[in-house]
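Asks: Take a look at this one; I'll ask things after.
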Amino acid sequence: MSYFLLSVLHILGVLFLFTALGATLMHVLNGGTKEDNPWKKPLSIIHGVSLLVILLAGLGILIAWGIKPSQFEGWVWAKIVIWAFFGAAIVLPYKVPQSAKLLMFLLPLIGGLAVFLAVYKPF
Ligand code: HEM
């Protein structure tokens with residue numbers, strides 16, 4: 001698969017990820033819980049599939065560049081940590097509803113950090 005197609009898939013995954021996270025946050029901000037969320041299952045599927053697509057496309061780009069895991073630079077590992085955080089981020093508002101307001105701003109900022117790392121590759 002080409003670098004361009006993998007990049008499009010990678011970003012498409014990010015867009016779907018934020019749909020799932022945003023919809024979950026909005027449910028909790030409106031006073032909802034995990035149990036009474038009628039979209040619980042579709043949102044968790046969108047969240048899981050989009051994370052998988054982000055990871056596979058991200059790794060696919062590196063493979064297309066001929067970079068092995070032992071050669072990953074710091075920015076790649078930092079993005080993998082951010083990816084893992086986004087994996088946990090769907091349960092955070094359910095577990096700590098008071099965090100939902102903060103997460104509305106924090107999640108896009110952390111997403112922006114992942115974009116910064118990909119564009120500038122600072123380390
Ligand atoms: C949820 C977290 C992530 C977000 C929000 C994100 C976002 C992005 C965006 C927007 C780009 C496009 C930048 C550009 O075209 O200039 C990009 C590129 C890239 N990302 Fe991610 N990414 C994430 C996770 C990952 C992970 C986990 C990996 C590695 C396993 C990864 C590897 C890459 C690579 C290799 C590129 C290509 C950089 C380039 O074209 O120079 N990303 N990412």
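Ordering of the structure tokens sets the chain letters (A, B, ...), residue numbers begin anew at 1 in every chain, and ligands are numbered from 1 in the order given.
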Residues near Ser44 (chain A), anyone? I mean within 10 Å using only C-alpha atoms, not counting same-chain ones fewer than 2 positions away, as a list in words.
Replies: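 Skipping anything fewer than 2 positions along the chain leaves Leu17, Ala20, Leu21, Thr24, Trp39, Lys40, Lys41, Pro42, Ile46, His47, Gly48, Val49, Ser50, Ile90 and Val91 of chain A.
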Asks: Residues within 8 Å of ligand 1 should be enumerated using only C-alpha atoms and all ligand atoms and returned as a PyMOL selection string.
Replies: chain A and resi 3+7+10-11+14+17+51+54-62+76-77+79-84+86+110-119+121
Asks: Tell me, in Å to one decimal, how far CA of Asn37 (chain A) is from CA of Ala23 (chain A).
Replies: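 Computing the Euclidean distance for CA of Asn37 (chain A) and CA of Ala23 (chain A) yields 10.2 Å.
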Asks: So, counting only C-alpha atoms, which residue among A:Phe123, A:Ile45, A:Ala100, A:Gly13 is closest to Gly74 (chain A)?
Replies: A:Phe123
